[in-house]
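Chemist: Enclosed is the structure file entry_34.pdb (PDB, N, CA, C and O atoms and all ligand atoms).
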```pdb
ATOM      1  N   MET A 132      -5.495 -17.203  10.411
ATOM      2  CA  MET A 132      -5.372 -16.905   8.988
ATOM      3  C   MET A 132      -6.096 -15.620   8.635
ATOM      4  O   MET A 132      -7.124 -15.302   9.209
ATOM      5  N   ALA A 133      -5.587 -14.950   7.636
ATOM      6  CA  ALA A 133      -6.154 -13.675   7.237
ATOM      7  C   ALA A 133      -7.607 -13.812   6.764
ATOM      8  O   ALA A 133      -8.388 -12.885   6.879
ATOM      9  N   GLU A 134      -7.962 -14.988   6.260
ATOM     10  CA  GLU A 134      -9.316 -15.168   5.740
ATOM     11  C   GLU A 134     -10.394 -14.976   6.799
ATOM     12  O   GLU A 134     -11.541 -14.714   6.474
ATOM     13  N   THR A 135     -10.018 -15.148   8.047
ATOM     14  CA  THR A 135     -11.019 -15.005   9.094
ATOM     15  C   THR A 135     -11.276 -13.537   9.428
ATOM     16  O   THR A 135     -12.187 -13.223  10.170
ATOM     17  N   LEU A 136     -10.474 -12.645   8.887
ATOM     18  CA  LEU A 136     -10.642 -11.226   9.188
ATOM     19  C   LEU A 136     -11.476 -10.564   8.104
ATOM     20  O   LEU A 136     -11.177 -10.672   6.924
ATOM     21  N   ASN A 137     -12.501  -9.863   8.522
ATOM     22  CA  ASN A 137     -13.361  -9.234   7.530
ATOM     23  C   ASN A 137     -13.182  -7.734   7.410
ATOM     24  O   ASN A 137     -13.424  -7.160   6.361
ATOM     25  N   GLY A 138     -12.783  -7.097   8.501
ATOM     26  CA  GLY A 138     -12.680  -5.646   8.471
ATOM     27  C   GLY A 138     -11.405  -5.187   7.808
ATOM     28  O   GLY A 138     -10.576  -5.985   7.395
ATOM     29  N   VAL A 139     -11.272  -3.905   7.667
ATOM     30  CA  VAL A 139     -10.034  -3.350   7.146
ATOM     31  C   VAL A 139      -9.161  -2.974   8.334
ATOM     32  O   VAL A 139      -9.563  -2.199   9.184
ATOM     33  N   PHE A 140      -7.973  -3.571   8.385
ATOM     34  CA  PHE A 140      -7.111  -3.356   9.533
ATOM     35  C   PHE A 140      -5.890  -2.510   9.192
ATOM     36  O   PHE A 140      -5.155  -2.107  10.069
ATOM     37  N   ILE A 141      -5.709  -2.289   7.934
ATOM     38  CA  ILE A 141      -4.559  -1.531   7.473
ATOM     39  C   ILE A 141      -5.045  -0.447   6.533
ATOM     40  O   ILE A 141      -5.936  -0.689   5.721
ATOM     41  N   ASP A 142      -4.479   0.717   6.648
ATOM     42  CA  ASP A 142      -4.734   1.728   5.650
ATOM     43  C   ASP A 142      -3.397   2.151   5.063
ATOM     44  O   ASP A 142      -2.421   2.293   5.792
ATOM     45  N   VAL A 143      -3.368   2.268   3.757
ATOM     46  CA  VAL A 143      -2.162   2.729   3.088
ATOM     47  C   VAL A 143      -2.489   4.060   2.437
ATOM     48  O   VAL A 143      -3.462   4.172   1.686
ATOM     49  N   GLU A 144      -1.717   5.056   2.775
ATOM     50  CA  GLU A 144      -1.968   6.392   2.251
ATOM     51  C   GLU A 144      -0.829   6.823   1.340
ATOM     52  O   GLU A 144       0.339   6.691   1.686
ATOM     53  N   VAL A 145      -1.217   7.307   0.177
ATOM     54  CA  VAL A 145      -0.236   7.853  -0.748
ATOM     55  C   VAL A 145      -0.461   9.355  -0.798
ATOM     56  O   VAL A 145      -1.566   9.819  -1.054
ATOM     57  N   ASP A 146       0.582  10.107  -0.525
ATOM     58  CA  ASP A 146       0.460  11.546  -0.491
ATOM     59  C   ASP A 146       0.039  12.101  -1.850
ATOM     60  O   ASP A 146       0.504  11.645  -2.890
ATOM     61  N   ALA A 147      -0.845  13.084  -1.811
ATOM     62  CA  ALA A 147      -1.382  13.675  -3.042
ATOM     63  C   ALA A 147      -0.276  14.185  -3.967
ATOM     64  O   ALA A 147      -0.438  14.212  -5.183
ATOM     65  N   SER A 148       0.872  14.530  -3.398
ATOM     66  CA  SER A 148       1.959  15.075  -4.214
ATOM     67  C   SER A 148       2.575  14.031  -5.140
ATOM     68  O   SER A 148       3.258  14.375  -6.102
ATOM     69  N   VAL A 149       2.344  12.734  -4.871
ATOM     70  CA  VAL A 149       2.958  11.690  -5.703
ATOM     71  C   VAL A 149       1.944  10.754  -6.363
ATOM     72  O   VAL A 149       2.336   9.864  -7.113
ATOM     73  N   THR A 150       0.662  10.943  -6.126
ATOM     74  CA  THR A 150      -0.317  10.001  -6.702
ATOM     75  C   THR A 150      -0.287  10.022  -8.229
ATOM     76  O   THR A 150      -0.640   9.048  -8.864
ATOM     77  N   GLY A 151       0.121  11.118  -8.824
ATOM     78  CA  GLY A 151       0.158  11.200 -10.284
ATOM     79  C   GLY A 151       1.498  10.802 -10.888
ATOM     80  O   GLY A 151       1.715  10.944 -12.095
ATOM     81  N   ASP A 152       2.411  10.308 -10.068
ATOM     82  CA  ASP A 152       3.764   9.961 -10.517
ATOM     83  C   ASP A 152       3.778   8.553 -11.118
ATOM     84  O   ASP A 152       3.769   7.549 -10.400
ATOM     85  N   ALA A 153       3.795   8.471 -12.450
ATOM     86  CA  ALA A 153       3.672   7.178 -13.128
ATOM     87  C   ALA A 153       4.843   6.246 -12.814
ATOM     88  O   ALA A 153       4.667   5.033 -12.685
ATOM     89  N   GLU A 154       6.049   6.818 -12.679
ATOM     90  CA  GLU A 154       7.209   5.980 -12.393
ATOM     91  C   GLU A 154       7.128   5.382 -10.993
ATOM     92  O   GLU A 154       7.415   4.199 -10.786
ATOM     93  N   LEU A 155       6.741   6.218 -10.052
ATOM     94  CA  LEU A 155       6.589   5.729  -8.680
ATOM     95  C   LEU A 155       5.473   4.683  -8.627
ATOM     96  O   LEU A 155       5.592   3.672  -7.930
ATOM     97  N   ALA A 156       4.419   4.914  -9.381
ATOM     98  CA  ALA A 156       3.298   3.969  -9.425
ATOM     99  C   ALA A 156       3.794   2.584  -9.841
ATOM    100  O   ALA A 156       3.445   1.582  -9.217
ATOM    101  N   LYS A 157       4.620   2.556 -10.880
ATOM    102  CA  LYS A 157       5.157   1.276 -11.358
ATOM    103  C   LYS A 157       6.030   0.621 -10.305
ATOM    104  O   LYS A 157       5.993  -0.579 -10.084
ATOM    105  N   LYS A 158       6.858   1.449  -9.659
ATOM    106  CA  LYS A 158       7.762   0.936  -8.633
ATOM    107  C   LYS A 158       6.959   0.324  -7.483
ATOM    108  O   LYS A 158       7.262  -0.771  -7.005
ATOM    109  N   LEU A 159       5.919   1.020  -7.057
ATOM    110  CA  LEU A 159       5.100   0.529  -5.947
ATOM    111  C   LEU A 159       4.386  -0.764  -6.337
ATOM    112  O   LEU A 159       4.308  -1.701  -5.537
ATOM    113  N   GLU A 160       3.900  -0.798  -7.566
ATOM    114  CA  GLU A 160       3.225  -2.000  -8.039
ATOM    115  C   GLU A 160       4.190  -3.190  -7.992
ATOM    116  O   GLU A 160       3.825  -4.301  -7.628
ATOM    117  N   GLU A 161       5.452  -2.922  -8.333
ATOM    118  CA  GLU A 161       6.473  -3.965  -8.346
ATOM    119  C   GLU A 161       6.851  -4.445  -6.952
ATOM    120  O   GLU A 161       6.970  -5.641  -6.709
ATOM    121  N   VAL A 162       7.067  -3.504  -6.034
ATOM    122  CA  VAL A 162       7.642  -3.901  -4.741
ATOM    123  C   VAL A 162       6.632  -4.567  -3.814
ATOM    124  O   VAL A 162       7.008  -5.424  -3.021
ATOM    125  N   CYS A 163       5.367  -4.182  -3.897
ATOM    126  CA  CYS A 163       4.407  -4.725  -2.922
ATOM    127  C   CYS A 163       4.118  -6.185  -3.243
ATOM    128  O   CYS A 163       3.635  -6.514  -4.316
ATOM    129  N   PRO A 164       4.415  -7.093  -2.285
ATOM    130  CA  PRO A 164       4.229  -8.527  -2.538
ATOM    131  C   PRO A 164       2.766  -8.935  -2.610
ATOM    132  O   PRO A 164       2.464 -10.033  -3.057
ATOM    133  N   VAL A 165       1.859  -8.086  -2.169
ATOM    134  CA  VAL A 165       0.445  -8.482  -2.146
ATOM    135  C   VAL A 165      -0.437  -7.559  -2.994
ATOM    136  O   VAL A 165      -1.646  -7.480  -2.806
ATOM    137  N   ASP A 166       0.188  -6.868  -3.928
ATOM    138  CA  ASP A 166      -0.549  -6.098  -4.952
ATOM    139  C   ASP A 166      -1.513  -5.058  -4.399
ATOM    140  O   ASP A 166      -2.655  -4.950  -4.847
ATOM    141  N   ILE A 167      -1.055  -4.300  -3.443
ATOM    142  CA  ILE A 167      -1.910  -3.247  -2.905
ATOM    143  C   ILE A 167      -1.881  -2.002  -3.788
ATOM    144  O   ILE A 167      -2.814  -1.206  -3.772
ATOM    145  N   PHE A 168      -0.829  -1.874  -4.599
ATOM    146  CA  PHE A 168      -0.735  -0.712  -5.481
ATOM    147  C   PHE A 168      -0.975  -1.120  -6.925
ATOM    148  O   PHE A 168      -0.473  -2.141  -7.380
ATOM    149  N   ALA A 169      -1.726  -0.289  -7.633
ATOM    150  CA  ALA A 169      -1.931  -0.502  -9.063
ATOM    151  C   ALA A 169      -1.461   0.741  -9.796
ATOM    152  O   ALA A 169      -1.819   1.861  -9.428
ATOM    153  N   ALA A 170      -0.634   0.524 -10.812
ATOM    154  CA  ALA A 170      -0.215   1.636 -11.649
ATOM    155  C   ALA A 170      -1.248   1.805 -12.750
ATOM    156  O   ALA A 170      -1.507   0.883 -13.510
ATOM    157  N   THR A 171      -1.875   2.952 -12.800
ATOM    158  CA  THR A 171      -2.889   3.214 -13.827
ATOM    159  C   THR A 171      -2.390   4.353 -14.706
ATOM    160  O   THR A 171      -1.356   4.964 -14.422
ATOM    161  N   GLY A 172      -3.130   4.646 -15.727
ATOM    162  CA  GLY A 172      -2.763   5.735 -16.611
ATOM    163  C   GLY A 172      -2.595   7.050 -15.870
ATOM    164  O   GLY A 172      -1.810   7.910 -16.264
ATOM    165  N   SER A 173      -3.322   7.198 -14.774
ATOM    166  CA  SER A 173      -3.264   8.471 -14.060
ATOM    167  C   SER A 173      -2.379   8.420 -12.815
ATOM    168  O   SER A 173      -2.348   9.357 -12.032
ATOM    169  N   GLY A 174      -1.668   7.292 -12.591
ATOM    170  CA  GLY A 174      -0.763   7.239 -11.448
ATOM    171  C   GLY A 174      -1.051   6.077 -10.522
ATOM    172  O   GLY A 174      -1.437   5.001 -10.965
ATOM    173  N   VAL A 175      -0.860   6.310  -9.221
ATOM    174  CA  VAL A 175      -0.984   5.234  -8.229
ATOM    175  C   VAL A 175      -2.427   5.081  -7.767
ATOM    176  O   VAL A 175      -3.067   6.062  -7.411
ATOM    177  N   GLU A 176      -2.884   3.854  -7.745
ATOM    178  CA  GLU A 176      -4.166   3.598  -7.098
ATOM    179  C   GLU A 176      -3.992   2.520  -6.060
ATOM    180  O   GLU A 176      -3.186   1.615  -6.214
ATOM    181  N   ILE A 177      -4.762   2.660  -4.973
ATOM    182  CA  ILE A 177      -4.741   1.656  -3.908
ATOM    183  C   ILE A 177      -5.807   0.616  -4.212
ATOM    184  O   ILE A 177      -6.944   0.962  -4.507
ATOM    185  N   VAL A 178      -5.407  -0.646  -4.153
ATOM    186  CA  VAL A 178      -6.361  -1.731  -4.378
ATOM    187  C   VAL A 178      -6.962  -2.095  -3.025
ATOM    188  O   VAL A 178      -6.376  -2.850  -2.242
ATOM    189  N   ALA A 179      -8.133  -1.528  -2.748
ATOM    190  CA  ALA A 179      -8.713  -1.601  -1.404
ATOM    191  C   ALA A 179      -8.930  -3.038  -0.939
ATOM    192  O   ALA A 179      -8.704  -3.363   0.225
ATOM    193  N   GLU A 180      -9.357  -3.913  -1.862
ATOM    194  CA  GLU A 180      -9.669  -5.283  -1.428
ATOM    195  C   GLU A 180      -8.430  -6.074  -1.026
ATOM    196  O   GLU A 180      -8.546  -7.125  -0.419
ATOM    197  N   ASN A 181      -7.234  -5.554  -1.347
ATOM    198  CA  ASN A 181      -6.009  -6.250  -0.948
ATOM    199  C   ASN A 181      -5.377  -5.673   0.323
ATOM    200  O   ASN A 181      -4.388  -6.220   0.819
ATOM    201  N   LEU A 182      -5.963  -4.606   0.849
ATOM    202  CA  LEU A 182      -5.330  -3.913   1.979
ATOM    203  C   LEU A 182      -5.045  -4.830   3.164
ATOM    204  O   LEU A 182      -4.004  -4.728   3.809
ATOM    205  N   ASP A 183      -6.001  -5.717   3.439
ATOM    206  CA  ASP A 183      -5.825  -6.580   4.615
ATOM    207  C   ASP A 183      -4.736  -7.632   4.422
ATOM    208  O   ASP A 183      -4.382  -8.342   5.359
ATOM    209  N   GLU A 184      -4.205  -7.759   3.205
ATOM    210  CA  GLU A 184      -3.115  -8.698   2.962
ATOM    211  C   GLU A 184      -1.759  -8.091   3.311
ATOM    212  O   GLU A 184      -0.738  -8.775   3.263
ATOM    213  N   CYS A 185      -1.750  -6.810   3.609
ATOM    214  CA  CYS A 185      -0.486  -6.112   3.868
ATOM    215  C   CYS A 185       0.303  -6.829   4.962
ATOM    216  O   CYS A 185      -0.227  -7.169   5.999
ATOM    217  N   VAL A 186       1.594  -7.077   4.675
ATOM    218  CA  VAL A 186       2.438  -7.788   5.628
ATOM    219  C   VAL A 186       3.384  -6.835   6.362
ATOM    220  O   VAL A 186       4.328  -7.258   7.027
ATOM    221  N   LEU A 187       3.113  -5.528   6.230
ATOM    222  CA  LEU A 187       3.897  -4.506   6.934
ATOM    223  C   LEU A 187       5.393  -4.624   6.651
ATOM    224  O   LEU A 187       6.217  -4.442   7.531
ATOM    225  N   CYS A 188       5.718  -4.935   5.406
ATOM    226  CA  CYS A 188       7.127  -5.111   5.064
ATOM    227  C   CYS A 188       7.837  -3.776   4.844
ATOM    228  O   CYS A 188       9.066  -3.718   4.805
ATOM    229  N   ASP A 189       7.063  -2.704   4.661
ATOM    230  CA  ASP A 189       7.617  -1.357   4.466
ATOM    231  C   ASP A 189       8.390  -1.169   3.160
ATOM    232  O   ASP A 189       9.083  -0.175   2.989
ATOM    233  N   LEU A 190       8.297  -2.132   2.237
ATOM    234  CA  LEU A 190       8.986  -1.970   0.953
ATOM    235  C   LEU A 190       8.439  -0.767   0.198
ATOM    236  O   LEU A 190       9.168  -0.055  -0.489
ATOM    237  N   CYS A 191       7.141  -0.530   0.331
ATOM    238  CA  CYS A 191       6.537   0.615  -0.360
ATOM    239  C   CYS A 191       7.037   1.922   0.240
ATOM    240  O   CYS A 191       7.325   2.878  -0.481
ATOM    241  N   VAL A 192       7.151   1.948   1.554
ATOM    242  CA  VAL A 192       7.631   3.156   2.239
ATOM    243  C   VAL A 192       9.060   3.461   1.802
ATOM    244  O   VAL A 192       9.414   4.605   1.515
ATOM    245  N   ASP A 193       9.880   2.412   1.703
ATOM    246  CA  ASP A 193      11.280   2.591   1.290
ATOM    247  C   ASP A 193      11.403   2.999  -0.179
ATOM    248  O   ASP A 193      12.349   3.679  -0.558
ATOM    249  N   ALA A 194      10.453   2.563  -1.012
ATOM    250  CA  ALA A 194      10.531   2.844  -2.443
ATOM    251  C   ALA A 194      10.098   4.267  -2.780
ATOM    252  O   ALA A 194      10.437   4.791  -3.829
ATOM    253  N   ALA A 195       9.369   4.865  -1.884
ATOM    254  CA  ALA A 195       8.806   6.191  -2.154
ATOM    255  C   ALA A 195       9.653   7.275  -1.494
ATOM    256  O   ALA A 195      10.418   7.006  -0.574
ATOM    257  N   PRO A 196       9.513   8.507  -1.984
ATOM    258  CA  PRO A 196      10.206   9.610  -1.303
ATOM    259  C   PRO A 196       9.743   9.706   0.152
ATOM    260  O   PRO A 196       8.637   9.261   0.470
ATOM    261  N   ASP A 197      10.575  10.286   0.986
ATOM    262  CA  ASP A 197      10.276  10.387   2.424
ATOM    263  C   ASP A 197       8.865  10.900   2.703
ATOM    264  O   ASP A 197       8.494  11.970   2.243
ATOM    265  N   GLY A 198       8.101  10.103   3.427
ATOM    266  CA  GLY A 198       6.776  10.542   3.858
ATOM    267  C   GLY A 198       5.692  10.422   2.803
ATOM    268  O   GLY A 198       4.530  10.700   3.083
ATOM    269  N   ALA A 199       6.029   9.989   1.589
ATOM    270  CA  ALA A 199       5.038   9.976   0.510
ATOM    271  C   ALA A 199       4.049   8.816   0.646
ATOM    272  O   ALA A 199       2.904   8.918   0.242
ATOM    273  N   VAL A 200       4.519   7.709   1.205
ATOM    274  CA  VAL A 200       3.631   6.568   1.430
ATOM    275  C   VAL A 200       3.641   6.243   2.918
ATOM    276  O   VAL A 200       4.700   6.162   3.536
ATOM    277  N   ARG A 201       2.453   6.094   3.475
ATOM    278  CA  ARG A 201       2.347   5.735   4.887
ATOM    279  C   ARG A 201       1.486   4.485   5.017
ATOM    280  O   ARG A 201       0.444   4.371   4.391
ATOM    281  N   VAL A 202       1.963   3.564   5.837
ATOM    282  CA  VAL A 202       1.185   2.370   6.141
ATOM    283  C   VAL A 202       0.714   2.521   7.578
ATOM    284  O   VAL A 202       1.518   2.643   8.496
ATOM    285  N   VAL A 203      -0.603   2.554   7.740
ATOM    286  CA  VAL A 203      -1.176   2.853   9.046
ATOM    287  C   VAL A 203      -1.895   1.633   9.578
ATOM    288  O   VAL A 203      -2.775   1.076   8.915
ATOM    289  N   LYS A 204      -1.496   1.203  10.781
ATOM    290  CA  LYS A 204      -2.181   0.091  11.434
ATOM    291  C   LYS A 204      -3.402   0.631  12.140
ATOM    292  O   LYS A 204      -3.311   1.550  12.927
ATOM    293  N   LEU A 205      -4.575   0.034  11.871
ATOM    294  CA  LEU A 205      -5.799   0.510  12.478
ATOM    295  C   LEU A 205      -6.158  -0.332  13.697
ATOM    296  O   LEU A 205      -7.271  -0.338  14.157
ATOM    297  N   TYR A 206      -5.169  -1.081  14.219
ATOM    298  CA  TYR A 206      -5.402  -1.889  15.413
ATOM    299  C   TYR A 206      -4.123  -1.852  16.221
ATOM    300  O   TYR A 206      -3.080  -1.437  15.733
ATOM    301  N   GLU A 207      -4.191  -2.326  17.450
ATOM    302  CA  GLU A 207      -2.973  -2.376  18.273
ATOM    303  C   GLU A 207      -2.440  -3.791  18.318
ATOM    304  O   GLU A 207      -3.181  -4.733  18.404
TER
HETATM  305  S1  LIG A 301       4.059  -2.579   3.661
HETATM  306 FE1  LIG A 301       4.589  -4.163   2.149
HETATM  307  S2  LIG A 301       2.720  -5.357   1.920
HETATM  308 FE2  LIG A 301       2.122  -3.457   2.911
HETATM  309  S3  LIG A 301       1.506  -2.081   1.251
HETATM  310 FE3  LIG A 301       3.685  -1.707   1.626
HETATM  311  S4  LIG A 301       4.766  -3.052   0.219
HETATM  312 FE4  LIG A 301       2.661  -3.783   0.325
END
```
Go ahead and render the structure in this file as structure tokens.
Ligand code: SF4
Modeler:
Amino acid sequence: MAETLNGVFIDVEVDASVTGDAELAKKLEEVCPVDIFAATGSGVEIVAENLDECVLCDLCVDAAPDGAVRVVKLYE
């Protein structure tokens, strides 16, 4: 179970070119099943405490322009 994991095993990167995009922020907030993205007044924010819940579904990657969102596995 994920609860037994304490470290951060996933990093999600949003390219600086789209972090201020309010529409994309809303879309990302909607598509991610585990609430890793928050749409704020200033654009996209990553909710760090939810990162380890990432299920690698790639919905965020598909919702964003090519290369704008990257999901990086920090383990093999
Ligand atoms: S891969 Fe899926 S679970 Fe992970 S951040 Fe993207 S939308 Fe959320």
Chemist: Can you pull out every residue with an atom within 6 Å of ligand LIG 301 (chain A)? Use only N, CA, C and O atoms and all ligand atoms and format it as a PDB file with N, CA, C and O atoms, in the frame of the given file.
Modeler:
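Listed below is the output, pocket_39.pdb:
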```
ATOM      1  N   LEU A 159       5.919   1.020  -7.057  1.00  0.00           N
ATOM      2  CA  LEU A 159       5.100   0.529  -5.947  1.00  0.00           C
ATOM      3  C   LEU A 159       4.386  -0.764  -6.337  1.00  0.00           C
ATOM      4  O   LEU A 159       4.308  -1.701  -5.537  1.00  0.00           O
ATOM      5  N   VAL A 162       7.067  -3.504  -6.034  1.00  0.00           N
ATOM      6  CA  VAL A 162       7.642  -3.901  -4.741  1.00  0.00           C
ATOM      7  C   VAL A 162       6.632  -4.567  -3.814  1.00  0.00           C
ATOM      8  O   VAL A 162       7.008  -5.424  -3.021  1.00  0.00           O
ATOM      9  N   CYS A 163       5.367  -4.182  -3.897  1.00  0.00           N
ATOM     10  CA  CYS A 163       4.407  -4.725  -2.922  1.00  0.00           C
ATOM     11  C   CYS A 163       4.118  -6.185  -3.243  1.00  0.00           C
ATOM     12  O   CYS A 163       3.635  -6.514  -4.316  1.00  0.00           O
ATOM     13  N   PRO A 164       4.415  -7.093  -2.285  1.00  0.00           N
ATOM     14  CA  PRO A 164       4.229  -8.527  -2.538  1.00  0.00           C
ATOM     15  C   PRO A 164       2.766  -8.935  -2.610  1.00  0.00           C
ATOM     16  O   PRO A 164       2.464 -10.033  -3.057  1.00  0.00           O
ATOM     17  N   VAL A 165       1.859  -8.086  -2.169  1.00  0.00           N
ATOM     18  CA  VAL A 165       0.445  -8.482  -2.146  1.00  0.00           C
ATOM     19  C   VAL A 165      -0.437  -7.559  -2.994  1.00  0.00           C
ATOM     20  O   VAL A 165      -1.646  -7.480  -2.806  1.00  0.00           O
ATOM     21  N   ASP A 166       0.188  -6.868  -3.928  1.00  0.00           N
ATOM     22  CA  ASP A 166      -0.549  -6.098  -4.952  1.00  0.00           C
ATOM     23  C   ASP A 166      -1.513  -5.058  -4.399  1.00  0.00           C
ATOM     24  O   ASP A 166      -2.655  -4.950  -4.847  1.00  0.00           O
ATOM     25  N   ILE A 167      -1.055  -4.300  -3.443  1.00  0.00           N
ATOM     26  CA  ILE A 167      -1.910  -3.247  -2.905  1.00  0.00           C
ATOM     27  C   ILE A 167      -1.881  -2.002  -3.788  1.00  0.00           C
ATOM     28  O   ILE A 167      -2.814  -1.206  -3.772  1.00  0.00           O
ATOM     29  N   GLU A 184      -4.205  -7.759   3.205  1.00  0.00           N
ATOM     30  CA  GLU A 184      -3.115  -8.698   2.962  1.00  0.00           C
ATOM     31  C   GLU A 184      -1.759  -8.091   3.311  1.00  0.00           C
ATOM     32  O   GLU A 184      -0.738  -8.775   3.263  1.00  0.00           O
ATOM     33  N   CYS A 185      -1.750  -6.810   3.609  1.00  0.00           N
ATOM     34  CA  CYS A 185      -0.486  -6.112   3.868  1.00  0.00           C
ATOM     35  C   CYS A 185       0.303  -6.829   4.962  1.00  0.00           C
ATOM     36  O   CYS A 185      -0.227  -7.169   5.999  1.00  0.00           O
ATOM     37  N   VAL A 186       1.594  -7.077   4.675  1.00  0.00           N
ATOM     38  CA  VAL A 186       2.438  -7.788   5.628  1.00  0.00           C
ATOM     39  C   VAL A 186       3.384  -6.835   6.362  1.00  0.00           C
ATOM     40  O   VAL A 186       4.328  -7.258   7.027  1.00  0.00           O
ATOM     41  N   LEU A 187       3.113  -5.528   6.230  1.00  0.00           N
ATOM     42  CA  LEU A 187       3.897  -4.506   6.934  1.00  0.00           C
ATOM     43  C   LEU A 187       5.393  -4.624   6.651  1.00  0.00           C
ATOM     44  O   LEU A 187       6.217  -4.442   7.531  1.00  0.00           O
ATOM     45  N   CYS A 188       5.718  -4.935   5.406  1.00  0.00           N
ATOM     46  CA  CYS A 188       7.127  -5.111   5.064  1.00  0.00           C
ATOM     47  C   CYS A 188       7.837  -3.776   4.844  1.00  0.00           C
ATOM     48  O   CYS A 188       9.066  -3.718   4.805  1.00  0.00           O
ATOM     49  N   ASP A 189       7.063  -2.704   4.661  1.00  0.00           N
ATOM     50  CA  ASP A 189       7.617  -1.357   4.466  1.00  0.00           C
ATOM     51  C   ASP A 189       8.390  -1.169   3.160  1.00  0.00           C
ATOM     52  O   ASP A 189       9.083  -0.175   2.989  1.00  0.00           O
ATOM     53  N   LEU A 190       8.297  -2.132   2.237  1.00  0.00           N
ATOM     54  CA  LEU A 190       8.986  -1.970   0.953  1.00  0.00           C
ATOM     55  C   LEU A 190       8.439  -0.767   0.198  1.00  0.00           C
ATOM     56  O   LEU A 190       9.168  -0.055  -0.489  1.00  0.00           O
ATOM     57  N   CYS A 191       7.141  -0.530   0.331  1.00  0.00           N
ATOM     58  CA  CYS A 191       6.537   0.615  -0.360  1.00  0.00           C
ATOM     59  C   CYS A 191       7.037   1.922   0.240  1.00  0.00           C
ATOM     60  O   CYS A 191       7.325   2.878  -0.481  1.00  0.00           O
ATOM     61  N   VAL A 192       7.151   1.948   1.554  1.00  0.00           N
ATOM     62  CA  VAL A 192       7.631   3.156   2.239  1.00  0.00           C
ATOM     63  C   VAL A 192       9.060   3.461   1.802  1.00  0.00           C
ATOM     64  O   VAL A 192       9.414   4.605   1.515  1.00  0.00           O
TER      65      VAL A 192
END
```
Chemist: Here's the selection I'm unsure about, the PyMOL selection byres (((chain A and resi 172-176 and name CA) around 6) and not hetatm and name CA); applied to the file above, which residues does it give, as a ChimeraX atom specification?
Modeler: /A:150-153,156,168-171,177
Chemist: Do you know which residues are at most 8 Å from Gly198 (chain A) counting all atoms listed in the file, after dropping those on the same chain fewer than 3 positions away, and could you put them as a list in words?
Modeler: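 Returned residues: Glu144, Val145, Asp146, Ala147, Val192, Ala195 and Arg201 of chain A.
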Chemist: Enumerate, as an MDAnalysis selection string, the complete set of residues in region 133-206 of chain A that a backbone-based DSSP assignment places in strand (DSSP E or B).
Modeler: chainID A and resid 141:145 168:171 174:177 200:204
Chemist: Hey, can you check how far atom C of Glu161 (chain A) sits from atom O of Lys204 (chain A)?
Modeler: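 Distance between the two atoms: 23.1 Å.
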Chemist: Report, as lines of an AutoDock Vina configuration file, the centre and edge lengths in Å (one decimal) of the axis-aligned box enclosing every listed atom of region 175-185 of chain A, padded by 6 Å on each side.
Modeler:
```
center_x = -4.7
center_y = -1.2
center_z = -1.6
size_x = 22.0
size_y = 27.1
size_z = 27.2
```
Chemist: Do you have the CA of Val178 (chain A)-CA of Ala199 (chain A) distance handy?
Modeler: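 Interatomic distance here is 17.1 Å.
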Chemist: Per DSSP on the backbone, filter chain A down to the residues in helix (DSSP H, G or I) and report them as a PyMOL selection string.
Modeler: chain A and resi 133-135+153-162+179-184+190-194
Chemist: Counting only N, CA, C and O atoms, which of A:Ile141, A:Asp193, A:Val149, A:Glu154 gets nearest to Ala179 (chain A)?
Modeler: A:Ile141
Chemist: Work out how far atom O of Leu205 (chain A) is from atom O of Phe140 (chain A), in Å to one decimal.
Modeler: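 Pair atom O of Phe140 (chain A) / atom O of Leu205 (chain A) returns 4.9 Å.
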